[in-house]
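Working notes, beginning with the structure itself.
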Amino acid sequence: MSTRVQHALEQLKTTGVRITPQRHAILNYLMESMGHPTADEIYRALEPQFPSMSVATVYNNLKMFTNAGMVRELAYGDNASRFDANVTDHYHIICEACGTIRDFNYPSLAEVEERAGLDTGFQVNGLRLELYGVCESCRPS
């Protein structure tokens, strides 16, 4: 088990959350894969280990992890939400053909946030940058 997972489990315990085997497995899956799975993908991956676990269990745990600030929910239009265990500031590039989402890092856009706040009078609480294209796997050779 990685230190990230251990730290997250300790954080949950200090807030009084009981660590069930399913909860541990969901968190471990998210943090070890560092992908952007849907709740259904997580459910399908863990179902062989936990045949009695329901999709609702996965959704409820993802909601709890999101509320605790351990996971970000990525909602893209009408598609199912995806979940990201990387809560550091980063951006996403999304394949328009297969839906693959990859992280990429770029210097902070803090200046853009500050300017938007000044120009509009809004209190800016964050931003999400998404780029769209076609990944190497989907691009014709």
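Letters A, B, ... go to the chains of the structure tokens in the order shown; residues in each chain start at 1; ligands are counted from 1 in the same order.
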
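All residues of chain A that DSSP, run on the backbone, classes as strand (DSSP E) are Arg72, Glu73, Leu74, Arg82, Phe83, Asp84, Tyr91, His92, Ile93, Ile94, Cys95, Ile101, Arg102, Asp103, Phe104, Glu130, Leu131, Tyr132 and Gly133 of chain A.
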
Write the residues of the selection above to a file with C-alpha atoms, as an mmCIF file, in the first residue's frame.
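Ended up saving to out.cif:
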data_model
loop_
_atom_site.group_PDB
_atom_site.id
_atom_site.type_symbol
_atom_site.label_atom_id
_atom_site.label_comp_id
_atom_site.auth_asym_id
_atom_site.auth_seq_id
_atom_site.Cartn_x
_atom_site.Cartn_y
_atom_site.Cartn_z
ATOM 1 C CA ARG A 72 -12.183 15.587 -7.569
ATOM 2 C CA GLU A 73 -15.295 14.858 -9.560
ATOM 3 C CA LEU A 74 -14.866 15.684 -13.233
ATOM 4 C CA ARG A 82 -15.020 10.713 -13.753
ATOM 5 C CA PHE A 83 -13.012 10.851 -10.561
ATOM 6 C CA ASP A 84 -9.469 12.112 -10.106
ATOM 7 C CA TYR A 91 -5.060 20.354 -16.142
ATOM 8 C CA HIS A 92 -6.584 17.755 -18.457
ATOM 9 C CA ILE A 93 -6.425 16.852 -22.120
ATOM 10 C CA ILE A 94 -9.288 14.700 -23.405
ATOM 11 C CA CYS A 95 -9.409 12.489 -26.500
ATOM 12 C CA ILE A 101 -8.240 11.803 -20.075
ATOM 13 C CA ARG A 102 -4.621 12.588 -19.337
ATOM 14 C CA ASP A 103 -3.159 14.984 -16.804
ATOM 15 C CA PHE A 104 -0.681 17.640 -17.787
ATOM 16 C CA GLU A 130 -9.558 21.173 -20.495
ATOM 17 C CA LEU A 131 -7.947 20.705 -23.869
ATOM 18 C CA TYR A 132 -9.491 18.453 -26.503
ATOM 19 C CA GLY A 133 -7.824 16.506 -29.285
#

Requested in this report: Could you give me the residues within range 71-119 of chain A that DSSP places in helix (DSSP H, G or I), as number ranges by chain?
Outcome: A: 110-119

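A straight line drawn from CA of Thr38 in chain A to CA of Ala25 in chain A is 15.0 Å long.
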
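Shortest separation to Leu127 in chain A among A:Thr100, A:Asn61, A:Asn67, A:Ser108 occurs at residue A:Ser108, atoms counted being only C-alpha atoms.
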
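Residues in contact with range 8-21 of chain A at 9 Å, where only C-alpha atoms are counted and same-chain residues fewer than 3 positions away are skipped, are listed as Thr3, Arg4, Val5, His24, Ala25, Ile26, Leu27, Phe50, Phe65, Ala68 and Met70 of chain A.
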
Report summary line: Correct to one decimal, the distance CA of Met34 in chain A-CA of Met53 in chain A is 22.0 Å

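For the residues A:His7, A:Thr120, A:Pro51, A:Tyr59, ranking by smallest atom-to-atom distance to Ala80 in chain A using only C-alpha atoms places A:Tyr59 first.
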
**Report entry** Between CA of Thr57 in chain A and CA of Asp89 in chain A - distance in Å to one decimal
**Finding:** 28.1 Å

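When only C-alpha atoms are used to compute distances to Ser137 in chain A, the closest of the residues A:Cys98, A:Ile42, A:Val58, A:Leu109 turns out to be A:Cys98.
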